[in-house]
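Okay, my_file_34.cif now, which holds mmCIF, N, CA and C atoms:
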data_input
#
loop_
_atom_site.label_atom_id
_atom_site.label_comp_id
_atom_site.auth_asym_id
_atom_site.auth_seq_id
_atom_site.Cartn_x
_atom_site.Cartn_y
_atom_site.Cartn_z
N MET A 1 15.97 4.19 -40.61
CA MET A 1 17.17 4.16 -39.79
C MET A 1 17.22 2.85 -39.00
N SER A 2 18.32 2.16 -39.04
CA SER A 2 18.48 0.87 -38.39
C SER A 2 18.68 1.02 -36.89
N THR A 3 18.08 0.09 -36.14
CA THR A 3 18.29 0.08 -34.69
C THR A 3 19.35 -0.94 -34.29
N GLU A 4 19.94 -1.59 -35.28
CA GLU A 4 21.01 -2.54 -35.00
C GLU A 4 22.23 -1.79 -34.49
N PRO A 5 22.92 -2.35 -33.48
CA PRO A 5 24.12 -1.67 -32.97
C PRO A 5 25.22 -1.64 -34.04
N GLN A 6 25.95 -0.55 -34.07
CA GLN A 6 27.05 -0.39 -35.00
C GLN A 6 28.25 -1.21 -34.55
N PRO A 7 29.06 -1.73 -35.49
CA PRO A 7 30.19 -2.58 -35.14
C PRO A 7 31.21 -1.93 -34.21
N ASP A 8 31.27 -0.62 -34.17
CA ASP A 8 32.24 0.04 -33.29
C ASP A 8 31.64 0.43 -31.94
N SER A 9 30.42 0.02 -31.65
CA SER A 9 29.76 0.41 -30.41
C SER A 9 30.00 -0.61 -29.30
N PHE A 10 29.91 -0.13 -28.08
CA PHE A 10 30.00 -1.02 -26.92
C PHE A 10 28.93 -2.11 -27.00
N THR A 11 27.71 -1.72 -27.38
CA THR A 11 26.61 -2.68 -27.47
C THR A 11 26.95 -3.81 -28.42
N PHE A 12 27.48 -3.49 -29.58
CA PHE A 12 27.85 -4.51 -30.56
C PHE A 12 28.93 -5.43 -30.00
N ARG A 13 29.98 -4.83 -29.42
CA ARG A 13 31.09 -5.64 -28.89
C ARG A 13 30.61 -6.54 -27.75
N ALA A 14 29.80 -6.00 -26.86
CA ALA A 14 29.29 -6.80 -25.75
C ALA A 14 28.41 -7.95 -26.25
N ALA A 15 27.54 -7.66 -27.20
CA ALA A 15 26.67 -8.70 -27.75
C ALA A 15 27.49 -9.80 -28.43
N GLU A 16 28.51 -9.43 -29.19
CA GLU A 16 29.37 -10.43 -29.84
C GLU A 16 30.09 -11.29 -28.80
N LEU A 17 30.55 -10.68 -27.73
CA LEU A 17 31.21 -11.44 -26.67
C LEU A 17 30.24 -12.42 -26.02
N ILE A 18 29.05 -11.96 -25.71
CA ILE A 18 28.06 -12.83 -25.07
C ILE A 18 27.71 -13.99 -25.99
N ARG A 19 27.58 -13.72 -27.29
CA ARG A 19 27.30 -14.80 -28.25
C ARG A 19 28.44 -15.83 -28.30
N SER A 20 29.63 -15.40 -27.94
CA SER A 20 30.81 -16.27 -28.00
C SER A 20 30.97 -17.19 -26.79
N ILE A 21 30.22 -16.94 -25.73
CA ILE A 21 30.35 -17.78 -24.53
C ILE A 21 29.84 -19.18 -24.87
N PRO A 22 30.70 -20.19 -24.78
CA PRO A 22 30.26 -21.54 -25.16
C PRO A 22 29.36 -22.18 -24.09
N LYS A 23 28.62 -23.17 -24.51
CA LYS A 23 27.80 -23.95 -23.58
C LYS A 23 28.69 -24.49 -22.47
N GLY A 24 28.17 -24.46 -21.25
CA GLY A 24 28.91 -24.99 -20.11
C GLY A 24 29.87 -23.99 -19.50
N LYS A 25 29.92 -22.78 -20.02
CA LYS A 25 30.79 -21.73 -19.49
C LYS A 25 29.93 -20.52 -19.13
N VAL A 26 30.45 -19.68 -18.25
CA VAL A 26 29.78 -18.46 -17.86
C VAL A 26 30.78 -17.31 -17.87
N ALA A 27 30.25 -16.10 -17.89
CA ALA A 27 31.05 -14.88 -17.75
C ALA A 27 30.29 -13.96 -16.81
N THR A 28 30.99 -13.00 -16.24
CA THR A 28 30.32 -12.03 -15.38
C THR A 28 30.02 -10.76 -16.17
N TYR A 29 29.07 -9.98 -15.65
CA TYR A 29 28.74 -8.71 -16.28
C TYR A 29 29.99 -7.84 -16.41
N GLY A 30 30.76 -7.76 -15.34
CA GLY A 30 31.97 -6.94 -15.34
C GLY A 30 33.02 -7.46 -16.31
N GLN A 31 33.13 -8.76 -16.42
CA GLN A 31 34.09 -9.36 -17.34
C GLN A 31 33.74 -8.98 -18.79
N ILE A 32 32.47 -9.11 -19.14
CA ILE A 32 32.03 -8.75 -20.50
C ILE A 32 32.27 -7.26 -20.74
N ALA A 33 31.94 -6.43 -19.75
CA ALA A 33 32.14 -4.98 -19.88
C ALA A 33 33.60 -4.66 -20.14
N GLY A 34 34.49 -5.26 -19.37
CA GLY A 34 35.92 -5.01 -19.55
C GLY A 34 36.42 -5.45 -20.91
N MET A 35 36.00 -6.62 -21.35
CA MET A 35 36.42 -7.11 -22.67
C MET A 35 35.87 -6.25 -23.80
N ALA A 36 34.70 -5.64 -23.56
CA ALA A 36 34.07 -4.80 -24.58
C ALA A 36 34.61 -3.37 -24.57
N GLY A 37 35.49 -3.07 -23.61
CA GLY A 37 36.14 -1.77 -23.61
C GLY A 37 35.75 -0.81 -22.51
N ASP A 38 34.87 -1.22 -21.60
CA ASP A 38 34.47 -0.34 -20.50
C ASP A 38 34.45 -1.14 -19.20
N PRO A 39 35.57 -1.18 -18.49
CA PRO A 39 35.65 -1.99 -17.27
C PRO A 39 34.62 -1.62 -16.20
N ARG A 40 34.03 -0.44 -16.31
CA ARG A 40 33.02 -0.02 -15.33
C ARG A 40 31.61 -0.12 -15.91
N GLY A 41 31.44 -0.84 -17.00
CA GLY A 41 30.17 -0.88 -17.72
C GLY A 41 29.30 -2.09 -17.46
N ALA A 42 29.38 -2.68 -16.27
CA ALA A 42 28.58 -3.88 -15.98
C ALA A 42 27.08 -3.61 -16.16
N ARG A 43 26.62 -2.46 -15.71
CA ARG A 43 25.18 -2.14 -15.86
C ARG A 43 24.80 -1.98 -17.34
N GLU A 44 25.73 -1.52 -18.13
CA GLU A 44 25.47 -1.40 -19.56
C GLU A 44 25.32 -2.80 -20.19
N VAL A 45 26.06 -3.77 -19.68
CA VAL A 45 25.92 -5.15 -20.15
C VAL A 45 24.51 -5.66 -19.84
N VAL A 46 23.99 -5.32 -18.67
CA VAL A 46 22.62 -5.69 -18.33
C VAL A 46 21.65 -5.10 -19.36
N ARG A 47 21.88 -3.83 -19.74
CA ARG A 47 21.02 -3.19 -20.74
C ARG A 47 21.10 -3.93 -22.08
N VAL A 48 22.31 -4.31 -22.46
CA VAL A 48 22.48 -5.06 -23.71
C VAL A 48 21.68 -6.36 -23.65
N LEU A 49 21.77 -7.06 -22.54
CA LEU A 49 21.03 -8.32 -22.40
C LEU A 49 19.52 -8.10 -22.45
N ASN A 50 19.06 -6.97 -21.96
CA ASN A 50 17.62 -6.68 -21.97
C ASN A 50 17.12 -6.22 -23.32
N THR A 51 18.00 -5.72 -24.18
CA THR A 51 17.54 -5.18 -25.46
C THR A 51 17.87 -6.09 -26.65
N GLN A 52 18.85 -6.95 -26.51
CA GLN A 52 19.24 -7.86 -27.59
C GLN A 52 18.71 -9.25 -27.25
N LYS A 53 17.57 -9.60 -27.78
CA LYS A 53 16.85 -10.81 -27.35
C LYS A 53 17.43 -12.13 -27.85
N ASP A 54 18.39 -12.10 -28.75
CA ASP A 54 18.92 -13.34 -29.32
C ASP A 54 20.20 -13.82 -28.64
N LEU A 55 20.46 -13.34 -27.45
CA LEU A 55 21.71 -13.67 -26.76
C LEU A 55 21.51 -14.79 -25.74
N PRO A 56 22.56 -15.57 -25.48
CA PRO A 56 22.48 -16.59 -24.42
C PRO A 56 22.62 -15.93 -23.04
N TRP A 57 21.60 -15.19 -22.65
CA TRP A 57 21.58 -14.36 -21.45
C TRP A 57 21.91 -15.15 -20.19
N HIS A 58 21.53 -16.41 -20.18
CA HIS A 58 21.70 -17.23 -18.97
C HIS A 58 23.16 -17.49 -18.64
N ARG A 59 24.07 -17.26 -19.58
CA ARG A 59 25.49 -17.51 -19.34
C ARG A 59 26.23 -16.32 -18.73
N VAL A 60 25.52 -15.25 -18.44
CA VAL A 60 26.14 -14.07 -17.83
C VAL A 60 25.62 -13.93 -16.39
N LEU A 61 26.56 -13.91 -15.46
CA LEU A 61 26.25 -13.90 -14.04
C LEU A 61 26.84 -12.67 -13.36
N ALA A 62 26.44 -12.46 -12.13
CA ALA A 62 27.02 -11.39 -11.32
C ALA A 62 28.40 -11.82 -10.83
N ALA A 63 29.12 -10.86 -10.28
CA ALA A 63 30.46 -11.13 -9.75
C ALA A 63 30.41 -12.30 -8.76
N GLY A 64 31.44 -13.09 -8.79
CA GLY A 64 31.51 -14.23 -7.89
C GLY A 64 30.71 -15.43 -8.36
N GLY A 65 30.07 -15.35 -9.52
CA GLY A 65 29.33 -16.49 -10.06
C GLY A 65 27.92 -16.61 -9.51
N ARG A 66 27.34 -15.49 -9.10
CA ARG A 66 26.00 -15.51 -8.52
C ARG A 66 24.92 -15.20 -9.55
N ILE A 67 23.80 -15.88 -9.42
CA ILE A 67 22.59 -15.54 -10.17
C ILE A 67 21.86 -14.49 -9.34
N THR A 68 21.55 -13.37 -9.96
CA THR A 68 20.87 -12.31 -9.21
C THR A 68 19.45 -12.06 -9.67
N LEU A 69 19.01 -12.76 -10.69
CA LEU A 69 17.62 -12.60 -11.13
C LEU A 69 16.69 -13.14 -10.05
N PRO A 70 15.68 -12.38 -9.69
CA PRO A 70 14.75 -12.87 -8.67
C PRO A 70 13.72 -13.83 -9.25
N GLY A 71 13.17 -14.65 -8.40
CA GLY A 71 12.01 -15.48 -8.76
C GLY A 71 12.24 -16.43 -9.91
N PRO A 72 11.19 -16.58 -10.75
CA PRO A 72 11.23 -17.56 -11.84
C PRO A 72 12.38 -17.36 -12.82
N GLY A 73 12.79 -16.11 -13.06
CA GLY A 73 13.89 -15.86 -13.98
C GLY A 73 15.19 -16.48 -13.49
N GLY A 74 15.46 -16.35 -12.21
CA GLY A 74 16.66 -16.95 -11.63
C GLY A 74 16.61 -18.46 -11.63
N VAL A 75 15.43 -19.00 -11.37
CA VAL A 75 15.25 -20.46 -11.39
C VAL A 75 15.51 -20.99 -12.80
N LEU A 76 14.96 -20.30 -13.80
CA LEU A 76 15.17 -20.70 -15.19
C LEU A 76 16.64 -20.60 -15.57
N GLN A 77 17.29 -19.51 -15.17
CA GLN A 77 18.71 -19.34 -15.48
C GLN A 77 19.52 -20.50 -14.94
N ARG A 78 19.28 -20.87 -13.70
CA ARG A 78 20.02 -21.97 -13.10
C ARG A 78 19.73 -23.29 -13.82
N LYS A 79 18.48 -23.54 -14.15
CA LYS A 79 18.13 -24.78 -14.86
C LYS A 79 18.82 -24.85 -16.22
N LEU A 80 18.83 -23.74 -16.94
CA LEU A 80 19.50 -23.72 -18.25
C LEU A 80 20.99 -23.99 -18.10
N LEU A 81 21.62 -23.38 -17.11
CA LEU A 81 23.05 -23.59 -16.90
C LEU A 81 23.34 -25.02 -16.46
N GLU A 82 22.52 -25.55 -15.56
CA GLU A 82 22.72 -26.93 -15.11
C GLU A 82 22.56 -27.91 -16.27
N ALA A 83 21.66 -27.62 -17.19
CA ALA A 83 21.48 -28.48 -18.37
C ALA A 83 22.72 -28.46 -19.26
N GLU A 84 23.53 -27.40 -19.15
CA GLU A 84 24.78 -27.30 -19.91
C GLU A 84 25.97 -27.84 -19.12
N GLY A 85 25.73 -28.34 -17.91
CA GLY A 85 26.80 -28.92 -17.11
C GLY A 85 27.43 -27.98 -16.09
N VAL A 86 26.88 -26.79 -15.93
CA VAL A 86 27.41 -25.86 -14.94
C VAL A 86 26.90 -26.29 -13.57
N ARG A 87 27.80 -26.36 -12.62
CA ARG A 87 27.44 -26.78 -11.26
C ARG A 87 27.31 -25.58 -10.34
N PHE A 88 26.54 -25.77 -9.29
CA PHE A 88 26.34 -24.73 -8.27
C PHE A 88 26.60 -25.32 -6.90
N ASP A 89 27.12 -24.49 -6.00
CA ASP A 89 27.35 -24.94 -4.63
C ASP A 89 26.08 -24.75 -3.80
N ALA A 90 26.16 -25.06 -2.52
CA ALA A 90 24.99 -24.99 -1.63
C ALA A 90 24.43 -23.58 -1.52
N GLU A 91 25.26 -22.56 -1.74
CA GLU A 91 24.80 -21.17 -1.67
C GLU A 91 24.22 -20.67 -3.00
N GLY A 92 24.22 -21.52 -4.02
CA GLY A 92 23.69 -21.12 -5.31
C GLY A 92 24.68 -20.38 -6.19
N THR A 93 25.95 -20.53 -5.90
CA THR A 93 27.01 -19.87 -6.67
C THR A 93 27.73 -20.90 -7.51
N THR A 94 28.09 -20.53 -8.72
CA THR A 94 28.88 -21.44 -9.54
C THR A 94 30.36 -21.13 -9.34
N PRO A 95 31.17 -22.16 -9.16
CA PRO A 95 32.61 -21.92 -8.99
C PRO A 95 33.24 -21.44 -10.31
N LEU A 96 33.60 -20.17 -10.33
CA LEU A 96 34.15 -19.59 -11.55
C LEU A 96 35.46 -20.26 -11.97
N ALA A 97 36.20 -20.80 -11.01
CA ALA A 97 37.45 -21.49 -11.35
C ALA A 97 37.17 -22.66 -12.30
N LEU A 98 35.99 -23.23 -12.20
CA LEU A 98 35.64 -24.37 -13.07
C LEU A 98 34.92 -23.95 -14.35
N HIS A 99 34.08 -22.93 -14.26
CA HIS A 99 33.15 -22.65 -15.35
C HIS A 99 33.33 -21.31 -16.05
N GLN A 100 34.25 -20.47 -15.57
CA GLN A 100 34.37 -19.15 -16.18
C GLN A 100 35.04 -19.22 -17.55
N TRP A 101 34.38 -18.57 -18.50
CA TRP A 101 34.92 -18.43 -19.85
C TRP A 101 36.04 -17.41 -19.80
N ARG A 102 37.12 -17.67 -20.47
CA ARG A 102 38.29 -16.78 -20.43
C ARG A 102 38.33 -15.79 -21.60
N GLY A 103 37.35 -15.85 -22.44
CA GLY A 103 37.29 -14.89 -23.53
C GLY A 103 37.59 -15.53 -24.88
N PRO A 104 37.31 -14.77 -25.92
CA PRO A 104 37.52 -15.30 -27.28
C PRO A 104 39.02 -15.37 -27.58
N SER A 105 39.32 -16.16 -28.59
CA SER A 105 40.72 -16.23 -29.01
C SER A 105 41.17 -14.89 -29.59
N ARG A 106 40.23 -14.17 -30.19
CA ARG A 106 40.50 -12.81 -30.68
C ARG A 106 39.39 -11.91 -30.15
N PRO A 107 39.74 -10.83 -29.44
CA PRO A 107 38.69 -9.94 -28.96
C PRO A 107 37.98 -9.24 -30.12
N PRO A 108 36.72 -8.84 -29.92
CA PRO A 108 36.02 -8.15 -31.00
C PRO A 108 36.69 -6.82 -31.34
N ALA A 109 36.65 -6.47 -32.60
CA ALA A 109 37.29 -5.23 -33.06
C ALA A 109 36.65 -4.02 -32.42
N ARG A 110 37.47 -3.01 -32.19
CA ARG A 110 36.95 -1.75 -31.64
C ARG A 110 36.91 -0.70 -32.71
#
Can I see the file as C-alpha cells?
Amino acid sequence: MSTEPQPDSFTFRAAELIRSIPKGKVATYGQIAGMAGDPRGAREVVRVLNTQKDLPWHRVLAAGGRITLPGPGGVLQRKLLEAEGVRFDAEGTTPLALHQWRGPSRPPAR
C-alpha cells in the first residue's frame, strides 16, 4: 500500500502548492491551506511540511510574514530566504506586500 498522498487529498494539493512557490517568494500557512481547500487548515499545512521532506519548507511562513521556528531552524529558514532575495525588517518579519506569492496560474485540481 502506497503512503504517497492521493491527488484528491488536501495533503497532495498543499504539497503541490508549496512546490509551486518560486524562489524569492513566500506564502503563509493559512494561505496554502485556503488554496488547498481548507481555509482553517494552517496546522495541517505544518503537518504536510513535516511529513513531505522534498518541499521548499523555508518558503512557508506564519501570518504576517513571521518565521516561527525556534533556534537553529529559524536561523536557517531566514538564511535560505535571504539567499533567494527575501528581505526582513528589524523585527524579523518579511514584508508580504513585496514577497508574498499570489498563487499558481491554475489552482491544483480537487
Expected answer as an MDAnalysis selection string: all residues with atoms within 6 Å of (24.8, -11.9, -29.1), all atoms listed in the file: chainID A and resid 15:16 18:19 54:56
Those in segment 8-64 of chain A with alpha helix (DSSP H) from DSSP, as an MDAnalysis selection string: chainID A and resid 10:20 29:35 42:51
Among listed residues A:Gly30, A:Gly92, A:Gly103, A:Gly24, nearest Ala62 of chain A (using all atoms listed in the file): A:Gly30
Pick out the residues sitting within 5 Å of Trp101 of chain A, and hand them over as an mmCIF file with N, CA and C atoms, in the coordinates of the input; count all atoms listed in the file, and ignore anything fewer than 2 positions along from it in its own chain.
data_model
loop_
_atom_site.group_PDB
_atom_site.id
_atom_site.type_symbol
_atom_site.label_atom_id
_atom_site.label_comp_id
_atom_site.auth_asym_id
_atom_site.auth_seq_id
_atom_site.Cartn_x
_atom_site.Cartn_y
_atom_site.Cartn_z
ATOM 1 N N LYS A 25 29.920 -22.780 -20.020
ATOM 2 C CA LYS A 25 30.790 -21.730 -19.490
ATOM 3 C C LYS A 25 29.930 -20.520 -19.130
ATOM 4 N N VAL A 26 30.450 -19.680 -18.250
ATOM 5 C CA VAL A 26 29.780 -18.460 -17.860
ATOM 6 C C VAL A 26 30.780 -17.310 -17.870
ATOM 7 N N ALA A 27 30.250 -16.100 -17.890
ATOM 8 C CA ALA A 27 31.050 -14.880 -17.750
ATOM 9 C C ALA A 27 30.290 -13.960 -16.810
ATOM 10 N N HIS A 99 34.080 -22.930 -14.260
ATOM 11 C CA HIS A 99 33.150 -22.650 -15.350
ATOM 12 C C HIS A 99 33.330 -21.310 -16.050
ATOM 13 N N GLY A 103 37.350 -15.850 -22.440
ATOM 14 C CA GLY A 103 37.290 -14.890 -23.530
ATOM 15 C C GLY A 103 37.590 -15.530 -24.880
#
Evaluate the PyMOL selection byres (((chain A and resi 42 and name CA) around 6) and name CA) and record the selected residues as a PDB file with N, CA and C atoms, keeping the file's coordinate frame, following the chain and residue labels used in the document.
ATOM      1  N   TYR A  29      29.070  -9.980 -15.650  1.00  0.00           N
ATOM      2  CA  TYR A  29      28.740  -8.710 -16.280  1.00  0.00           C
ATOM      3  C   TYR A  29      29.990  -7.840 -16.410  1.00  0.00           C
ATOM      4  N   GLY A  30      30.760  -7.760 -15.340  1.00  0.00           N
ATOM      5  CA  GLY A  30      31.970  -6.940 -15.340  1.00  0.00           C
ATOM      6  C   GLY A  30      33.020  -7.460 -16.310  1.00  0.00           C
ATOM      7  N   ALA A  33      31.940  -6.430 -19.750  1.00  0.00           N
ATOM      8  CA  ALA A  33      32.140  -4.980 -19.880  1.00  0.00           C
ATOM      9  C   ALA A  33      33.600  -4.660 -20.140  1.00  0.00           C
ATOM     10  N   ARG A  40      34.030  -0.440 -16.310  1.00  0.00           N
ATOM     11  CA  ARG A  40      33.020  -0.020 -15.330  1.00  0.00           C
ATOM     12  C   ARG A  40      31.610  -0.120 -15.910  1.00  0.00           C
ATOM     13  N   GLY A  41      31.440  -0.840 -17.000  1.00  0.00           N
ATOM     14  CA  GLY A  41      30.170  -0.880 -17.720  1.00  0.00           C
ATOM     15  C   GLY A  41      29.300  -2.090 -17.460  1.00  0.00           C
ATOM     16  N   ARG A  43      26.620  -2.460 -15.710  1.00  0.00           N
ATOM     17  CA  ARG A  43      25.180  -2.140 -15.860  1.00  0.00           C
ATOM     18  C   ARG A  43      24.800  -1.980 -17.340  1.00  0.00           C
ATOM     19  N   GLU A  44      25.730  -1.520 -18.130  1.00  0.00           N
ATOM     20  CA  GLU A  44      25.470  -1.400 -19.560  1.00  0.00           C
ATOM     21  C   GLU A  44      25.320  -2.800 -20.190  1.00  0.00           C
ATOM     22  N   VAL A  45      26.060  -3.770 -19.680  1.00  0.00           N
ATOM     23  CA  VAL A  45      25.920  -5.150 -20.150  1.00  0.00           C
ATOM     24  C   VAL A  45      24.510  -5.660 -19.840  1.00  0.00           C
TER      25      VAL A  45
END
Picked residues, the PyMOL selection byres (((chain A and resi 69-81 and name CA) around 12) and name CA), expected as a ChimeraX atom specification: /A:22-27,46,56-62,65-68,82-89,92-94,99
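Nearest to Ala14 of chain A of all the residues A:Val48, A:Leu96, A:Pro39, A:Thr28 is A:Val48, based on only N, CA and C atoms.
Atom C of Ser20 of chain A sits 11.3 Å away from atom CA of Gln100 of chain A.
The gap separating atom CA of Leu49 of chain A from atom CA of Glu91 of chain A is 24.7 Å, in Å to one decimal.
All residues within segment 10-77 of chain A that the backbone DSSP calculation assigns to strand (DSSP E or B) are Val26, Ala27, Thr28, Val60, Leu61, Ala62 and Arg66 of chain A.
Taking atom CA of Asn50 of chain A as the reference point, atom C of Arg13 of chain A is found at 14.2 Å.
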8 Å per side around segment 12-22 of chain A: axis-aligned box centre and edge lengths, as lines of an AutoDock Vina configuration file:
center_x = 28.9
center_y = -12.8
center_z = -27.3
size_x = 20.5
size_y = 34.7
size_z = 22.5
